[in-house]
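One structure below.
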Amino acid sequence: MIQQKIKEGSASGLPFQQAYSLQCDGEQPRWLVEGLWGEQAVGILGGQPKCCKSFMALDMAVSVASGAPCLRRFDVGRSGPVLLFPAEDALDVVRRRLVGICSAAGVNFQSLAVYVITAPRLLLDVPQDRRRLRQTIDAIRPVLLILDPLIRMHSADENVSKDVAPILGYLRELQREFAMAVMLVHHARKRSGQERPGQMLRGSSDLHGWGDSNLYLRRKGKELVLSIEHRAAPSGEDMPLELVDQGKALALSVQADKPAGGKLQRTVAERVLAAMASTDEPLSTNQLRKRCGIRTQTLCDTLARLRDQGRIVKTEIGYRVGHLDGDQTVSLPAVPLGATGNGNGKHLQQDLLL
């Protein structure tokens, strides 16, 4: 009788399903960058001025566009085009930074699928700008959209929830429509160093609550520290970063020998490679799963990536560290980025927003 009443009432109400029949997408979480950002997550990259937020965002862009590990440490789970709007930095500065990060990561800059919006203005609370951004996303189909920083992209009051919520709702709509991740670079409030990272963001608490994956950069004395926060996955330990200058290669790097607040956790790929390096015999999938303490699907995905990268080989009895014969070259579209201009209109070069 109860089931019959439920069926009769469903015709005129909202759609619903019994919990057990909800579709399961497999093991969770699925990563865009392992441990740092969910595959289709929206979120904030936050921090006070001069904490290398833009360097971190560009490092993520290079990694996702190329498949190279982010910060030379975190494996990419899904690679593809990246769309970036740098609202404050001049385009020649963005280009130099990307060149340095590519050099540090061993990535060919000319084939990097990072696309930079060069429009003089993009306001997320203006209907015309929203339509043009959607058209640009539809043309490029990025797997990651980076907007840096949020404060330059609206005329709303960040402290008022009813002003901020429509902007965040629009970005969530884009994320769902195009199955991509969205990263907002955002400032922290002054004198916020003693608070929890998520509470340091400037403006409405909606900004913190909106994020599926959030990253926070802070200064602790002279040390730059990265904090990680996820809605549906463990957040991991804080880790110290440093901006390393190696000639023309200026890029962030993890200080692996100086853990902040605890021992740095190795990525799944590092654990798998370490397990293989510990023995002269190839290891089967079952042996690797037990030694590394990871799920079968996660292991299989990791092994596939490592094989594609030529870092391991598969034998008749298992996997071992090695190199595949020949180089594997991936051809990607060239980046439409010139040497002059900037994202806030001081030197407009090309308008990608059609």
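So you can find residues: chains in the structure tokens are A, B, ... in the order shown, residues in each start at 1, and ligands are numbered from 1 in order.
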Item to complete: Might you pull out every residue within 12 Å of Leu207 of chain A, with only C-alpha atoms counted and same-chain residues fewer than 2 positions away left off, and present them as an MDAnalysis selection string?
Response: chainID A and resid 42:46 150 158:169 171 183:188 198:205 209:214
Got time to write the residues from that selection, C-alpha atoms, as a CSV table (one decimal), in the first residue's frame?
```
chain,number,residue,atom,x,y,z
A,42,VAL,CA,35.0,23.4,-8.0
A,43,GLY,CA,37.0,25.2,-5.4
A,44,ILE,CA,39.3,27.9,-4.1
A,45,LEU,CA,43.0,28.4,-4.3
A,46,GLY,CA,43.4,30.9,-1.5
A,150,LEU,CA,38.0,36.4,-8.2
A,158,GLU,CA,31.9,39.6,-1.4
A,159,ASN,CA,30.7,39.9,2.2
A,160,VAL,CA,27.1,39.5,1.3
A,161,SER,CA,25.9,36.0,0.6
A,162,LYS,CA,23.0,36.9,-1.7
A,163,ASP,CA,25.5,38.7,-4.0
A,164,VAL,CA,28.1,36.0,-4.0
A,165,ALA,CA,25.8,33.0,-4.3
A,166,PRO,CA,24.6,33.7,-7.9
A,167,ILE,CA,28.2,33.9,-9.1
A,168,LEU,CA,29.2,30.6,-7.5
A,169,GLY,CA,25.9,29.1,-8.7
A,171,LEU,CA,30.2,28.5,-12.0
A,183,MET,CA,39.6,26.8,-9.8
A,184,LEU,CA,39.0,30.3,-8.3
A,185,VAL,CA,42.1,32.1,-7.1
A,186,HIS,CA,41.0,34.2,-4.1
A,187,HIS,CA,42.6,36.4,-1.4
A,188,ALA,CA,42.7,35.8,2.3
A,198,GLY,CA,39.3,27.7,5.2
A,199,GLN,CA,38.2,30.5,7.6
A,200,MET,CA,40.9,32.8,6.3
A,201,LEU,CA,39.2,33.5,3.0
A,202,ARG,CA,38.0,37.0,2.5
A,203,GLY,CA,34.2,37.6,2.1
A,204,SER,CA,31.2,35.4,2.6
A,205,SER,CA,31.4,32.0,4.1
A,209,GLY,CA,31.4,26.1,1.7
A,210,TRP,CA,31.2,26.1,-2.2
A,211,GLY,CA,34.5,24.2,-2.7
A,212,ASP,CA,34.8,20.5,-3.4
A,213,SER,CA,38.6,20.8,-3.4
A,214,ASN,CA,40.4,23.8,-1.8
```
Worksheet item: Could you pull out the strand (DSSP E or B) residues of segment 121-278 of chain A from DSSP and send them as a PyMOL selection string?
Response: chain A and resi 144-148+181-188+201+213-220+223-230+239-246+249-254
Response to the item:
Computed gap from atom CA of Gly47 of chain A to atom CA of Tyr216 of chain A is 5.6 Å
Worksheet entry | Residue contacts of segment 75-90 of chain A (8 Å, only C-alpha atoms) excluding same-chain residues fewer than 6 positions away, as a ChimeraX atom specification | /A:30-34,39,61,63-69,113-118,121,137,140-149,152-153,267,269,340-344,346-347
Discussion item. List as a VMD selection string the protein and nucleic acid residues near Gln255 of chain A, meaning an atom at most 9 Å away when only C-alpha atoms are counted, but skip any in the same chain fewer than 6 places from it.
Written reply: chain A and resid 239 to 242
Worksheet item: In Å, with one decimal, what is the gap from atom CA of Leu124 of chain A to atom CA of Cys70 of chain A?
Response: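 Distance between the two atoms: 28.0 Å.
Nearest residue to Ser235 of chain A among A:Ala251, A:Leu91, A:Leu299, A:Leu36 is A:Leu36, counting only C-alpha atoms.
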Fill in: Closest of A:Arg320, A:Leu123, A:Ala104, A:Cys300 to Leu273 of chain A - atom-to-atom distances counting only C-alpha atoms
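So, comparing all the options, the nearest one is A:Arg320.
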Fill in: Within 10 Å of segment 281-288 of chain A using only C-alpha atoms, minus same-chain residues under 5 positions, as a list in words
Arg271, Val272, Leu273, Ala275, Met276, Gly293, Ile294, Thr296, Leu299, Cys300, Leu303, Val313, Lys314, Thr315, Glu316, Ile317, Gly318, Tyr319, Arg320 and Val321 of chain A
Let me see the file: selected residues, N, CA and C atoms, as an mmCIF file, in the first residue's frame.
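The result, stored in out.cif:
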```cif
data_model
loop_
_atom_site.group_PDB
_atom_site.id
_atom_site.type_symbol
_atom_site.label_atom_id
_atom_site.label_comp_id
_atom_site.auth_asym_id
_atom_site.auth_seq_id
_atom_site.Cartn_x
_atom_site.Cartn_y
_atom_site.Cartn_z
ATOM 1 N N ARG A 271 54.399 5.059 -4.349
ATOM 2 C CA ARG A 271 54.353 3.811 -3.579
ATOM 3 C C ARG A 271 54.491 2.591 -4.477
ATOM 4 N N VAL A 272 53.843 2.646 -5.641
ATOM 5 C CA VAL A 272 53.937 1.526 -6.585
ATOM 6 C C VAL A 272 55.358 1.379 -7.108
ATOM 7 N N LEU A 273 55.976 2.497 -7.488
ATOM 8 C CA LEU A 273 57.352 2.436 -7.994
ATOM 9 C C LEU A 273 58.327 1.975 -6.915
ATOM 10 N N ALA A 275 57.645 -0.021 -4.435
ATOM 11 C CA ALA A 275 57.441 -1.459 -4.249
ATOM 12 C C ALA A 275 58.173 -2.254 -5.330
ATOM 13 N N MET A 276 58.115 -1.788 -6.559
ATOM 14 C CA MET A 276 58.805 -2.482 -7.648
ATOM 15 C C MET A 276 60.319 -2.396 -7.489
ATOM 16 N N GLY A 293 48.848 -1.365 -0.253
ATOM 17 C CA GLY A 293 47.659 -1.094 0.529
ATOM 18 C C GLY A 293 46.665 -0.193 -0.181
ATOM 19 N N ILE A 294 46.440 -0.430 -1.484
ATOM 20 C CA ILE A 294 45.507 0.391 -2.257
ATOM 21 C C ILE A 294 44.492 -0.502 -2.954
ATOM 22 N N THR A 296 42.081 -2.146 -5.901
ATOM 23 C CA THR A 296 42.445 -2.721 -7.193
ATOM 24 C C THR A 296 42.271 -1.731 -8.331
ATOM 25 N N LEU A 299 44.897 0.954 -8.290
ATOM 26 C CA LEU A 299 46.168 0.395 -8.731
ATOM 27 C C LEU A 299 46.197 0.230 -10.242
ATOM 28 N N CYS A 300 45.118 -0.304 -10.820
ATOM 29 C CA CYS A 300 45.081 -0.516 -12.270
ATOM 30 C C CYS A 300 45.183 0.800 -13.024
ATOM 31 N N LEU A 303 48.842 1.933 -12.734
ATOM 32 C CA LEU A 303 49.714 1.137 -13.599
ATOM 33 C C LEU A 303 49.561 1.550 -15.060
ATOM 34 N N VAL A 313 57.240 -1.448 -17.165
ATOM 35 C CA VAL A 313 56.913 -2.382 -18.248
ATOM 36 C C VAL A 313 56.182 -3.573 -17.661
ATOM 37 N N LYS A 314 55.348 -4.173 -18.476
ATOM 38 C CA LYS A 314 54.604 -5.364 -18.064
ATOM 39 C C LYS A 314 55.234 -6.598 -18.679
ATOM 40 N N THR A 315 55.509 -7.596 -17.842
ATOM 41 C CA THR A 315 56.054 -8.862 -18.309
ATOM 42 C C THR A 315 54.982 -9.943 -18.191
ATOM 43 N N GLU A 316 55.345 -11.182 -18.505
ATOM 44 C CA GLU A 316 54.389 -12.276 -18.430
ATOM 45 C C GLU A 316 53.950 -12.558 -17.001
ATOM 46 N N ILE A 317 54.788 -12.210 -16.033
ATOM 47 C CA ILE A 317 54.456 -12.552 -14.639
ATOM 48 C C ILE A 317 54.170 -11.335 -13.770
ATOM 49 N N GLY A 318 54.272 -10.147 -14.345
ATOM 50 C CA GLY A 318 53.983 -8.971 -13.527
ATOM 51 C C GLY A 318 54.609 -7.698 -14.081
ATOM 52 N N TYR A 319 54.741 -6.711 -13.197
ATOM 53 C CA TYR A 319 55.250 -5.389 -13.591
ATOM 54 C C TYR A 319 56.608 -5.129 -12.934
ATOM 55 N N ARG A 320 57.433 -4.361 -13.640
ATOM 56 C CA ARG A 320 58.717 -3.952 -13.088
ATOM 57 C C ARG A 320 59.051 -2.551 -13.572
ATOM 58 N N VAL A 321 59.976 -1.895 -12.859
ATOM 59 C CA VAL A 321 60.437 -0.579 -13.288
ATOM 60 C C VAL A 321 61.247 -0.721 -14.560
#
```
Practice prompt. Kindly indicate which residue among A:Ala41, A:Ala19, A:Leu306, A:Leu14 lies nearest to Ala181 of chain A, using only C-alpha atoms for the distances.
Written response: A:Ala41
Practice prompt. Show which residues sit within 12 Å of Leu243 of chain A, as a list of chain:residue names. Count only C-alpha atoms, and ignore same-chain residues fewer than 2 positions away.
Written response: A:Lys50, A:Cys51, A:Cys52, A:Lys53, A:Ser54, A:Phe55, A:Met56, A:Asp59, A:Leu71, A:Arg97, A:Gly100, A:Ile101, A:Ala104, A:Lys222, A:Glu223, A:Leu224, A:Val225, A:Pro240, A:Leu241, A:Asp245, A:Gln246, A:Ala249, A:Leu250, A:Ala251, A:Leu252, A:Ser253, A:Val254, A:Gln255
Mind writing the picked residues with C-alpha atoms as a PDB file, in the first residue's frame?
```pdb
ATOM      1  CA  LYS A  50      52.826  37.227  -2.248  1.00  0.00           C
ATOM      2  CA  CYS A  51      52.113  33.606  -1.326  1.00  0.00           C
ATOM      3  CA  CYS A  52      52.644  32.330  -4.892  1.00  0.00           C
ATOM      4  CA  LYS A  53      48.966  31.647  -5.601  1.00  0.00           C
ATOM      5  CA  SER A  54      49.359  32.387  -9.307  1.00  0.00           C
ATOM      6  CA  PHE A  55      52.466  30.185  -9.517  1.00  0.00           C
ATOM      7  CA  MET A  56      50.470  27.355  -7.947  1.00  0.00           C
ATOM      8  CA  ASP A  59      51.704  24.772 -12.108  1.00  0.00           C
ATOM      9  CA  LEU A  71      54.842  20.223  -8.368  1.00  0.00           C
ATOM     10  CA  ARG A  97      56.092  31.862 -15.721  1.00  0.00           C
ATOM     11  CA  GLY A 100      59.773  28.362 -16.361  1.00  0.00           C
ATOM     12  CA  ILE A 101      57.302  25.804 -15.045  1.00  0.00           C
ATOM     13  CA  ALA A 104      61.120  22.532 -14.485  1.00  0.00           C
ATOM     14  CA  LYS A 222      59.850  32.361   6.160  1.00  0.00           C
ATOM     15  CA  GLU A 223      58.258  29.055   5.177  1.00  0.00           C
ATOM     16  CA  LEU A 224      55.536  28.779   2.514  1.00  0.00           C
ATOM     17  CA  VAL A 225      53.015  26.067   3.449  1.00  0.00           C
ATOM     18  CA  PRO A 240      56.215  23.200   2.785  1.00  0.00           C
ATOM     19  CA  LEU A 241      56.852  24.640  -0.664  1.00  0.00           C
ATOM     20  CA  ASP A 245      65.063  29.510  -9.370  1.00  0.00           C
ATOM     21  CA  GLN A 246      67.181  27.357 -11.660  1.00  0.00           C
ATOM     22  CA  ALA A 249      63.132  27.781 -14.617  1.00  0.00           C
ATOM     23  CA  LEU A 250      61.275  29.540 -11.794  1.00  0.00           C
ATOM     24  CA  ALA A 251      58.715  27.166 -10.277  1.00  0.00           C
ATOM     25  CA  LEU A 252      57.286  25.936  -7.007  1.00  0.00           C
ATOM     26  CA  SER A 253      58.675  22.756  -5.513  1.00  0.00           C
ATOM     27  CA  VAL A 254      57.848  20.579  -2.500  1.00  0.00           C
ATOM     28  CA  GLN A 255      60.500  20.603   0.230  1.00  0.00           C
TER      29      GLN A 255
END
```
Worksheet entry | Residues of segment 104-229 of chain A in alpha helix (DSSP H), written as a PyMOL selection string | chain A and resi 104-105+127-140+161-178+206-210
Practice prompt. Give me, please, the distance in Å between atom CA of Gly35 of chain A and atom CA of Leu215 of chain A, quoted to one decimal.
Written response: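 It comes out at 10.7 Å.
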